[in-house]
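> For reference, the file data-v2.tsv (TSV, C-alpha atoms) is included below:
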chain	number	residue	atom	x	y	z
U	589	MET	CA	22.13	43.19	38.83
U	590	ILE	CA	19.48	45.85	38.83
U	591	TRP	CA	16.10	44.11	38.87
U	592	GLY	CA	14.26	47.26	38.09
U	593	ASN	CA	15.91	47.41	34.73
U	594	GLN	CA	13.30	46.95	31.97
U	595	LYS	CA	15.51	44.43	30.14
U	596	TYR	CA	15.58	42.05	33.07
U	597	LEU	CA	11.88	42.52	33.70
U	598	ASP	CA	11.16	41.48	30.12
U	599	ILE	CA	13.33	38.34	30.54
U	600	ILE	CA	11.49	37.42	33.74
U	601	LYS	CA	8.13	37.82	32.00
U	602	GLU	CA	9.32	35.61	29.13
U	603	LEU	CA	10.50	32.97	31.61
U	604	GLU	CA	7.19	33.12	33.48
U	605	THR	CA	5.30	32.74	30.19
U	606	TYR	CA	7.51	29.82	29.20
U	607	ILE	CA	7.02	28.15	32.60
U	608	ARG	CA	3.25	28.54	32.32
U	609	LYS	CA	3.36	26.93	28.88
U	610	LEU	CA	5.45	24.07	30.26
U	611	GLN	CA	3.06	23.62	33.15
U	612	ALA	CA	0.09	23.59	30.77
U	613	HIS	CA	1.91	21.12	28.53
U	614	ILE	CA	2.75	18.85	31.48
U	615	LYS	CA	-0.84	19.01	32.67
U	616	GLU	CA	-2.02	18.13	29.16
U	617	GLN	CA	0.44	15.24	29.01
U	618	ASP	CA	-0.65	13.99	32.44
U	619	GLU	CA	-4.27	13.96	31.32
U	620	ARG	CA	-3.29	12.19	28.11
U	621	ILE	CA	-1.30	9.58	30.06
U	622	LYS	CA	-4.28	8.90	32.33
U	623	GLU	CA	-6.52	8.64	29.27
U	624	LEU	CA	-4.13	6.17	27.60
U	625	GLU	CA	-3.77	4.15	30.81
U	626	SER	CA	-7.56	3.93	31.01
U	627	GLU	CA	-7.73	2.82	27.38
U	628	VAL	CA	-5.05	0.17	28.00
U	629	ALA	CA	-6.97	-1.06	31.04
U	630	HIS	CA	-10.15	-1.30	28.97
U	631	LEU	CA	-8.27	-3.23	26.28
U	632	LYS	CA	-7.22	-5.71	28.95
U	633	LYS	CA	-10.85	-6.37	29.84
U	634	ASP	CA	-11.85	-9.98	29.26
U	635	SER	CA	-14.29	-12.52	30.66
U	636	SER	CA	-12.22	-12.89	33.85
U	637	ASN	CA	-12.42	-9.26	34.98
U	638	SER	CA	-15.61	-7.93	33.39
U	639	SER	CA	-19.09	-8.86	32.19
U	640	LYS	CA	-17.76	-9.70	28.72
U	641	PRO	CA	-18.53	-13.23	27.51
U	642	PRO	CA	-15.63	-15.68	26.98
U	643	SER	CA	-16.24	-15.60	23.22
U	644	SER	CA	-15.18	-11.93	23.18
U	645	ASP	CA	-11.70	-12.63	24.55
U	646	ILE	CA	-9.11	-11.48	22.01
U	647	ILE	CA	-6.37	-13.64	23.45
U	648	ASN	CA	-7.21	-17.05	24.87
U	649	PRO	CA	-3.99	-18.57	26.20
U	650	LYS	CA	-3.85	-22.29	26.79
U	651	VAL	CA	-4.66	-23.08	30.38
U	652	ASN	CA	-2.70	-25.80	32.09
U	653	LYS	CA	-5.22	-28.52	32.92
U	654	THR	CA	-3.20	-29.47	35.98
U	655	LYS	CA	-4.40	-26.85	38.44
U	656	GLU	CA	-2.21	-25.62	41.26
U	657	ALA	CA	-3.35	-25.90	44.85
U	658	LYS	CA	-3.30	-22.97	47.25
U	659	ASN	CA	0.11	-23.98	48.61
U	660	GLY	CA	1.63	-23.82	45.11
U	661	THR	CA	1.90	-27.56	44.52
U	662	ARG	CA	0.31	-29.09	41.44
U	663	ARG	CA	-2.84	-31.08	41.99
U	664	LYS	CA	-2.85	-34.66	40.77
U	665	ILE	CA	-5.31	-35.73	38.09
U	666	GLY	CA	-8.36	-37.63	39.34
U	667	GLY	CA	-10.24	-37.77	42.62
U	668	GLN	CA	-8.84	-35.48	45.30
U	669	LYS	CA	-8.11	-36.39	48.90
U	670	GLY	CA	-11.05	-35.56	51.15
U	671	HIS	CA	-13.58	-35.46	48.32
U	672	LYS	CA	-16.64	-37.66	48.70
U	673	LYS	CA	-16.45	-40.74	46.51
U	674	HIS	CA	-19.28	-41.08	43.98
U	675	GLU	CA	-20.44	-44.59	43.14
U	676	ARG	CA	-23.60	-45.53	41.29
U	677	LEU	CA	-26.07	-47.73	43.11
U	678	PRO	CA	-26.60	-51.26	41.74
U	679	PHE	CA	-29.82	-52.07	39.91
U	680	SER	CA	-32.68	-53.24	42.09
U	681	ALA	CA	-34.16	-56.75	41.76
U	682	GLY	CA	-37.08	-55.42	39.74
U	683	GLU	CA	-34.74	-53.75	37.21
U	684	ILE	CA	-32.82	-56.94	36.37
U	685	ASP	CA	-33.97	-58.75	33.22
U	686	ASN	CA	-31.80	-61.87	33.25
U	687	ARG	CA	-30.00	-63.73	36.03
U	688	PHE	CA	-27.12	-66.16	35.59
U	689	THR	CA	-25.43	-68.24	38.29
U	690	GLN	CA	-21.75	-69.10	37.96
U	691	THR	CA	-20.53	-72.36	39.57
U	692	LEU	CA	-17.29	-74.20	40.23
U	693	GLU	CA	-17.05	-77.96	39.67
U	694	LYS	CA	-13.73	-78.36	41.49
U	695	CYS	CA	-11.08	-76.32	43.30
U	696	PRO	CA	-9.25	-74.10	40.79
U	697	CYS	CA	-6.00	-74.53	42.79
U	698	CYS	CA	-5.74	-78.25	43.68
U	699	GLY	CA	-8.66	-79.80	41.82
U	700	GLY	CA	-10.31	-81.03	45.04
U	701	GLU	CA	-14.02	-81.25	45.80
U	702	LEU	CA	-15.83	-78.06	46.84
U	703	GLU	CA	-18.66	-77.49	49.35
U	704	LEU	CA	-21.17	-74.68	48.74
U	705	THR	CA	-21.29	-72.19	51.66
U	706	ASN	CA	-24.05	-69.99	53.00
U	707	LYS	CA	-22.16	-66.81	52.17
U	708	PRO	CA	-24.00	-64.53	49.73
U	709	PRO	CA	-22.63	-64.75	46.20
U	710	GLN	CA	-20.56	-61.94	44.74
U	711	LYS	CA	-22.65	-60.15	42.13
U	712	VAL	CA	-21.54	-58.39	38.96
U	713	GLN	CA	-24.07	-56.37	36.97
U	714	GLN	CA	-23.60	-55.55	33.30
U	715	ILE	CA	-25.74	-53.48	30.94
U	716	GLU	CA	-26.15	-54.99	27.48
U	717	ILE	CA	-27.79	-53.56	24.41
U	718	ALA	CA	-30.32	-55.84	22.74
U	719	PRO	CA	-29.36	-57.29	19.33
U	720	LYS	CA	-32.41	-55.48	17.95
U	721	PRO	CA	-33.21	-52.56	20.28
U	722	PHE	CA	-36.59	-51.84	18.68
U	723	TYR	CA	-39.71	-53.63	17.47
U	724	VAL	CA	-41.96	-52.93	14.51
U	725	ASN	CA	-45.73	-52.70	14.79
U	726	GLU	CA	-47.92	-53.21	11.74
U	727	TYR	CA	-51.55	-52.12	11.78
U	728	ALA	CA	-53.85	-53.75	9.21
U	729	CYS	CA	-56.82	-51.48	8.58
U	730	ASN	CA	-59.60	-53.59	7.10
U	731	VAL	CA	-61.49	-52.24	4.12
U	732	TYR	CA	-65.30	-52.57	4.11
U	733	TRP	CA	-67.99	-52.17	1.43
U	734	CYS	CA	-71.21	-50.37	2.23
U	735	GLU	CA	-74.05	-51.52	0.02
U	736	ASN	CA	-76.19	-48.60	1.11
U	737	CYS	CA	-73.54	-45.93	0.34
U	738	GLN	CA	-72.08	-47.86	-2.55
U	739	SER	CA	-68.59	-47.01	-1.31
U	740	TYR	CA	-65.58	-48.50	0.51
U	741	HIS	CA	-64.69	-47.60	4.11
U	742	THR	CA	-61.34	-48.27	5.78
U	743	ALA	CA	-60.89	-48.84	9.51
U	744	PRO	CA	-59.12	-45.85	11.10
U	745	VAL	CA	-55.45	-45.90	12.04
U	746	PRO	CA	-55.08	-46.00	15.88
U	747	PRO	CA	-53.85	-42.80	17.56
U	748	GLU	CA	-50.46	-44.29	18.52
U	749	ALA	CA	-49.69	-45.00	14.84
U	750	ARG	CA	-50.64	-41.62	13.42
U	751	SER	CA	-47.15	-40.17	13.93
U	752	GLY	CA	-45.93	-42.10	10.89
U	753	LEU	CA	-42.95	-44.43	10.54
U	754	PHE	CA	-41.41	-43.32	13.83
U	755	SER	CA	-43.38	-43.63	17.08
U	756	ASN	CA	-43.67	-40.68	19.45
U	757	ALA	CA	-40.85	-42.08	21.61
U	758	LEU	CA	-38.53	-42.45	18.61
U	759	ILE	CA	-39.39	-38.92	17.42
U	760	ALA	CA	-38.51	-37.67	20.91
U	761	LEU	CA	-35.16	-39.50	20.70
U	762	VAL	CA	-34.36	-37.79	17.38
U	763	ALA	CA	-35.31	-34.38	18.81
U	764	TYR	CA	-33.22	-35.00	21.94
U	765	MET	CA	-30.13	-36.03	19.99
U	766	LYS	CA	-30.51	-33.05	17.65
U	767	GLY	CA	-31.46	-30.38	20.20
U	768	ARG	CA	-29.68	-31.50	23.36
U	769	CYS	CA	-26.71	-33.44	21.98
U	770	HIS	CA	-26.25	-31.17	18.91
U	771	VAL	CA	-25.82	-34.14	16.57
U	772	SER	CA	-25.80	-33.26	12.88
U	773	TYR	CA	-28.40	-34.76	10.57
U	774	SER	CA	-25.69	-36.73	8.79
U	775	ALA	CA	-24.46	-38.20	12.08
U	776	LEU	CA	-28.07	-38.96	13.08
U	777	ARG	CA	-28.64	-40.78	9.80
U	778	ASP	CA	-25.44	-42.80	10.35
U	779	PHE	CA	-26.46	-43.64	13.93
U	780	PHE	CA	-29.78	-45.09	12.81
U	781	ALA	CA	-28.10	-46.99	9.95
U	782	ASP	CA	-25.06	-48.34	11.84
U	783	VAL	CA	-26.44	-48.88	15.36
U	784	LEU	CA	-30.16	-49.50	14.92
U	785	LYS	CA	-29.99	-50.86	11.35
U	786	ILE	CA	-32.73	-48.46	10.23
U	787	LYS	CA	-32.10	-46.65	6.95
U	788	VAL	CA	-33.64	-43.18	6.82
U	789	SER	CA	-32.71	-40.00	4.99
U	790	ARG	CA	-31.65	-36.67	6.47
U	791	GLY	CA	-34.81	-35.07	5.09
U	792	PHE	CA	-36.91	-37.63	6.96
U	793	LEU	CA	-35.04	-36.81	10.21
U	794	VAL	CA	-35.65	-33.08	9.63
U	795	LYS	CA	-39.39	-33.82	9.45
U	796	GLN	CA	-39.22	-35.72	12.77
U	797	VAL	CA	-37.60	-32.73	14.46
U	798	MET	CA	-40.31	-30.48	13.02
U	799	LYS	CA	-42.97	-32.84	14.42
U	800	ALA	CA	-41.38	-32.62	17.87
U	801	SER	CA	-41.20	-28.84	17.58
U	802	ALA	CA	-44.89	-28.63	16.64
U	803	ALA	CA	-45.81	-30.89	19.57
U	804	MET	CA	-44.03	-28.57	22.01
U	805	GLU	CA	-45.62	-25.39	20.67
U	806	GLU	CA	-48.68	-25.51	22.95
U	807	PRO	CA	-46.80	-26.17	26.24
U	808	HIS	CA	-44.28	-23.51	25.21
U	809	GLU	CA	-47.08	-20.95	24.87
U	810	ILE	CA	-48.51	-21.99	28.26
U	811	LEU	CA	-45.15	-21.45	29.97
U	812	LEU	CA	-44.68	-18.13	28.15
U	813	ASP	CA	-47.99	-16.90	29.56
U	814	GLN	CA	-46.90	-18.00	33.03
U	815	LEU	CA	-43.66	-15.97	33.01
U	816	ASN	CA	-45.23	-12.62	33.96
U	817	GLN	CA	-46.76	-14.26	37.05
U	818	GLU	CA	-43.41	-15.46	38.39
U	819	PRO	CA	-41.93	-13.53	41.36
U	820	HIS	CA	-38.31	-14.09	40.28
U	821	LEU	CA	-36.73	-14.78	36.89
U	822	HIS	CA	-33.14	-15.36	35.79
U	823	ILE	CA	-32.73	-14.02	32.25
U	824	ASP	CA	-29.86	-14.13	29.78
U	825	GLU	CA	-29.37	-13.92	26.03
U	826	THR	CA	-26.76	-14.89	23.47
U	827	GLY	CA	-26.42	-14.47	19.73
U	828	TRP	CA	-25.55	-16.60	16.73
U	829	LYS	CA	-26.21	-16.65	13.00
U	830	GLU	CA	-28.72	-18.80	11.15
U	831	ASN	CA	-28.35	-18.89	7.37
U	832	GLY	CA	-26.28	-15.70	7.61
U	833	LEU	CA	-28.95	-13.83	9.62
U	834	LYS	CA	-28.32	-12.61	13.16
U	835	ARG	CA	-30.48	-14.29	15.79
U	836	TRP	CA	-30.71	-14.08	19.58
U	837	ILE	CA	-31.75	-16.83	21.95
U	838	TRP	CA	-33.19	-15.70	25.27
U	839	VAL	CA	-33.63	-17.93	28.31
U	840	PHE	CA	-36.14	-17.15	31.07
U	841	LYS	CA	-35.48	-19.36	34.11
U	842	ALA	CA	-38.25	-19.57	36.70
U	843	ARG	CA	-38.18	-21.68	39.86
U	844	LEU	CA	-39.76	-24.76	38.28
U	845	PHE	CA	-39.24	-24.31	34.54
U	846	ALA	CA	-37.21	-22.56	31.84
U	847	VAL	CA	-38.41	-21.03	28.58
U	848	PHE	CA	-36.26	-20.35	25.51
U	849	CYS	CA	-37.21	-17.76	22.89
U	850	ILE	CA	-35.48	-17.09	19.56
U	851	THR	CA	-35.74	-13.50	18.30
U	852	GLY	CA	-34.16	-11.24	15.73
U	853	THR	CA	-33.33	-8.53	18.27
U	854	ARG	CA	-31.59	-8.06	21.61
U	855	GLY	CA	-33.57	-4.98	22.66
U	856	GLU	CA	-35.73	-4.38	25.70
U	857	ASN	CA	-38.85	-4.85	23.53
U	858	VAL	CA	-38.27	-8.62	23.85
U	859	LEU	CA	-38.76	-8.22	27.61
U	860	GLU	CA	-41.87	-6.10	27.06
U	861	VAL	CA	-43.44	-8.66	24.71
U	862	THR	CA	-42.50	-11.66	26.86
U	863	LEU	CA	-43.13	-10.29	30.36
U	864	GLY	CA	-45.51	-7.44	29.66
U	865	LYS	CA	-45.21	-3.86	30.86
U	866	MET	CA	-46.77	-4.65	34.25
U	867	PHE	CA	-44.22	-7.26	35.37
U	868	GLU	CA	-43.34	-6.51	39.01
U	869	GLY	CA	-41.05	-9.42	39.82
U	870	ILE	CA	-37.28	-9.55	40.27
U	871	ILE	CA	-34.97	-10.09	37.30
U	872	SER	CA	-31.53	-11.59	37.94
U	873	CYS	CA	-29.32	-10.60	35.01
U	874	ASP	CA	-26.01	-9.17	33.87
U	875	PHE	CA	-25.34	-5.47	33.21
U	876	TYR	CA	-26.74	-5.42	29.67
U	877	GLY	CA	-28.55	-2.14	28.99
U	878	ALA	CA	-31.83	-3.72	27.86
U	879	TYR	CA	-32.57	-4.86	31.43
U	880	ARG	CA	-31.77	-1.44	32.91
U	881	LYS	CA	-34.01	0.27	30.34
U	882	PHE	CA	-36.83	-2.20	31.03
U	883	LYS	CA	-36.55	-1.42	34.76
U	884	ARG	CA	-36.49	2.32	34.09
U	885	LEU	CA	-39.63	2.19	31.95
U	886	HIS	CA	-41.62	-0.31	34.01
U	887	SER	CA	-42.00	-1.78	37.52
U	888	ALA	CA	-39.47	-4.62	37.51
U	889	LEU	CA	-36.63	-4.89	40.02
U	890	LEU	CA	-33.11	-5.95	39.02
U	891	GLN	CA	-30.65	-8.14	40.89
U	892	PHE	CA	-27.35	-7.98	39.06
U	893	CYS	CA	-25.33	-11.17	38.79
U	894	TRP	CA	-22.69	-11.22	41.56
U	895	VAL	CA	-20.16	-12.97	39.33
U	896	HIS	CA	-20.34	-10.17	36.76
U	897	PHE	CA	-20.29	-7.56	39.53
U	898	ILE	CA	-17.16	-9.03	41.14
U	899	ARG	CA	-15.42	-9.14	37.74
U	900	GLU	CA	-16.10	-5.45	37.26
U	901	ILE	CA	-14.59	-4.70	40.69
U	902	LEU	CA	-11.53	-6.83	39.86
U	903	PHE	CA	-11.09	-4.59	36.83
U	904	LEU	CA	-10.95	-1.56	39.12
U	905	LEU	CA	-7.99	-3.13	40.93
U	906	LYS	CA	-5.97	-2.99	37.69
U	907	LEU	CA	-6.44	0.75	37.12
U	908	PRO	CA	-3.52	3.13	37.78
U	909	ASP	CA	-5.47	5.44	40.12
U	910	LYS	CA	-4.62	4.36	43.70
U	911	THR	CA	-7.80	5.93	45.05
U	912	VAL	CA	-9.92	3.80	42.70
U	913	VAL	CA	-7.88	0.69	43.58
U	914	GLU	CA	-8.39	1.27	47.33
U	915	TYR	CA	-12.11	1.78	46.69
U	916	GLY	CA	-12.28	-1.53	44.81
U	917	GLU	CA	-10.38	-3.34	47.58
U	918	ARG	CA	-12.85	-2.06	50.18
U	919	ILE	CA	-15.79	-3.33	48.12
U	920	ILE	CA	-14.13	-6.73	47.61
U	921	ARG	CA	-13.62	-7.09	51.37
U	922	LYS	CA	-17.26	-6.21	52.06
U	923	ILE	CA	-18.47	-8.72	49.46
U	924	GLY	CA	-16.23	-11.37	51.02
U	925	LEU	CA	-17.80	-10.73	54.43
U	926	MET	CA	-21.25	-10.92	52.89
U	927	PHE	CA	-20.60	-14.33	51.33
U	928	GLN	CA	-19.03	-15.60	54.56
U	929	THR	CA	-22.29	-14.70	56.29
U	930	ILE	CA	-24.34	-16.40	53.59
U	931	HIS	CA	-22.29	-19.60	53.92
U	932	LYS	CA	-22.90	-19.60	57.68
U	933	LYS	CA	-26.66	-19.12	57.38
U	934	GLU	CA	-27.44	-22.73	58.38
U	935	SER	CA	-25.74	-22.22	61.76
U	936	MET	CA	-27.21	-18.76	62.42
U	937	ASP	CA	-30.56	-17.79	63.92
Please rewrite the model in this file as structure tokens.


Amino acid sequence: MIWGNQKYLDIIKELETYIRKLQAHIKEQDERIKELESEVAHLKKDSSNSSKPPSSDIINPKVNKTKEAKNGTRRKIGGQKGHKKHERLPFSAGEIDNRFTQTLEKCPCCGGELELTNKPPQKVQQIEIAPKPFYVNEYACNVYWCENCQSYHTAPVPPEARSGLFSNALIALVAYMKGRCHVSYSALRDFFADVLKIKVSRGFLVKQVMKASAAMEEPHEILLDQLNQEPHLHIDETGWKENGLKRWIWVFKARLFAVFCITGTRGENVLEVTLGKMFEGIISCDFYGAYRKFKRLHSALLQFCWVHFIREILFLLKLPDKTVVEYGERIIRKIGLMFQTIHKKESMD
């Protein structure tokens, strides 16, 4: 073979061109594979390996309620060996309303005579609901005639009766069952009718909740004004719909109190309005962009939630790039050492 021959030189050039095209194609395919692997990894993101909320999980497989211990054996239902037993303390003497003494007239086995001992009696305490767990107050406001004014005057209703049919305590019970226990107005109406034997309408119960809401407006404003003076706040937000409209509920947790705010937006302007632009405290939060923007524009400091942070690192461990996986493993080890130190703080100087 004569390599100097032009024919063979042309073939070599064609082969070199073809090889370069193949190499470019392979490189393109490799980049595409990495891109697809990254997309697949992102699709696998859920609440267990990222900052995403549980409600965003596409697939929510049923979890076996019987958890497995570290050695692989299934844990039995109920109290676990080594766990501290929790028992409620009995009522004190001042908390007991009625006392009953049980006696024996004769031996339950042989029918013989019995002699009372000095041993303390065995006591059993039981909580009972009263047949009528409420009382009704009636206030008669006398009507007077003034000869000088030529008009009638009625004695004023006392302050404790100005709340209407329900007392302040009963209004608070309605608000608690509605707001804390999430009881529907229909279920609330049935509770008052079936348990307390009080017949009221759902509209009446709505008005009681509105009264409680109005009563809490002033203390709510006081706590709102206090937020920008707090050195450290835990903040989070979640969304839902009310009458088809998107709403967001924000919680601001200080050391001694928590404030909830309902807004129509999830933007950083909520933080500006609530905390002010001069807030210099620490905000513990997730990775949501509104907090980062608020920090960038103003003087606040952020402490990201460690749970969310660890989930993000766990996601790195599932990526195909070995370098990224090793990086994530190093961070996880460092975080583990940090928490070991934190747990030993009581025994350290």

> If I take atom CA of U:Gln796 and atom CA of U:Glu748, how far is one from the other in Å, to one decimal?

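It comes out at 15.3 Å.
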
> Which residues are close to stretch 861-872 of chain U, i.e. within 7 Å by only C-alpha atoms, leaving aside same-chain residues fewer than 2 positions away? Reply as a list in words.

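Answer for this query is Leu812, Leu815, Asn816, Glu818, Pro819, His820, Leu821, His822, Ile823, Asn857, Val858, Leu859, His886, Ser887, Ala888, Leu889, Leu890, Gln891, Phe892 and Cys893 of chain U.
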
> Excluding U:Ala803 and any residue of its chain fewer than 5 positions from it, enumerate the residues within 12 Å of it, using all atoms listed in the file, and give them as an NGL selection string.

:U and (751 or 756 or 759-760 or 763 or 796-798 or 808-809)

> With distances taken over only C-alpha atoms, which residue among U:Arg790, U:Ile898, U:Asn706, U:Asp598 lies nearest U:Lys922?

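Looking only at the distances to U:Lys922, the closest residue turns out to be U:Ile898.
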
> Provide the atom CA of U:Gln710 to atom CA of U:Phe688 distance in Å, to one decimal place.

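Computing it gives 12.0 Å between the two atoms.
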
> State, in Å with one decimal place, the distance from atom CA of U:Glu825 to atom CA of U:Val839.

6.3 Å

> Which one of U:His896, U:Arg835, U:Lys615, U:Arg662 sits closest to U:Gly855 if you count only C-alpha atoms?

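Among U:His896, U:Arg835, U:Lys615, U:Arg662, it is U:Arg835 that comes nearest to U:Gly855.
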
> So which one's closest to U:Arg687, U:Val712, U:Glu675, U:Asp782, U:Gly767? Using only C-alpha atoms, please.

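Using only C-alpha atoms, U:Arg687 sits closest to U:Val712.
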
> Excluding U:Tyr915 and residues on its chain fewer than 4 positions from it, collect all residues at most 12 Å away from it, counting all atoms listed in the file, and give them as a list in words.

Ile901, Leu902, Phe903, Leu904, Leu905, Lys906, Leu907, Asp909, Lys910, Thr911, Ile919, Ile920, Arg921 and Lys922 of chain U

> So which one's closest to U:Ile717, U:Arg768, U:Leu784, U:Glu683, U:Arg899? Using all atoms listed in the file, please.

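Answer, going by the shortest atom-to-atom distance: U:Leu784.
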
> Go through U:Trp894, U:Tyr606, U:Trp838, U:Tyr879 and flag the residue nearest U:Met926, using only C-alpha atoms for the distances.

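Closest to U:Met926, using only C-alpha atoms: U:Trp894.
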
> Which residue is closest to U:Lys720? Choose from U:Lys799, U:Arg620, U:Lys785, U:Ala681 and count all atoms listed in the file.

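Of the candidates, the smallest distance to U:Lys720 is held by U:Lys785.
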
> Might you pull out every residue within 8 Å of U:Leu776, with all atoms listed in the file counted and same-chain residues fewer than 6 positions away left off, and present them as a PyMOL selection string?

chain U and resi 762+765-766+790+793

> For stretch 713-715 of chain U, please output as a list in words all residues within 10 Å (counting all atoms listed in the file; exclusion window: fewer than 3 positions along the same chain).

Pro678, Phe679, Ile684, Arg687 and Ala718 of chain U
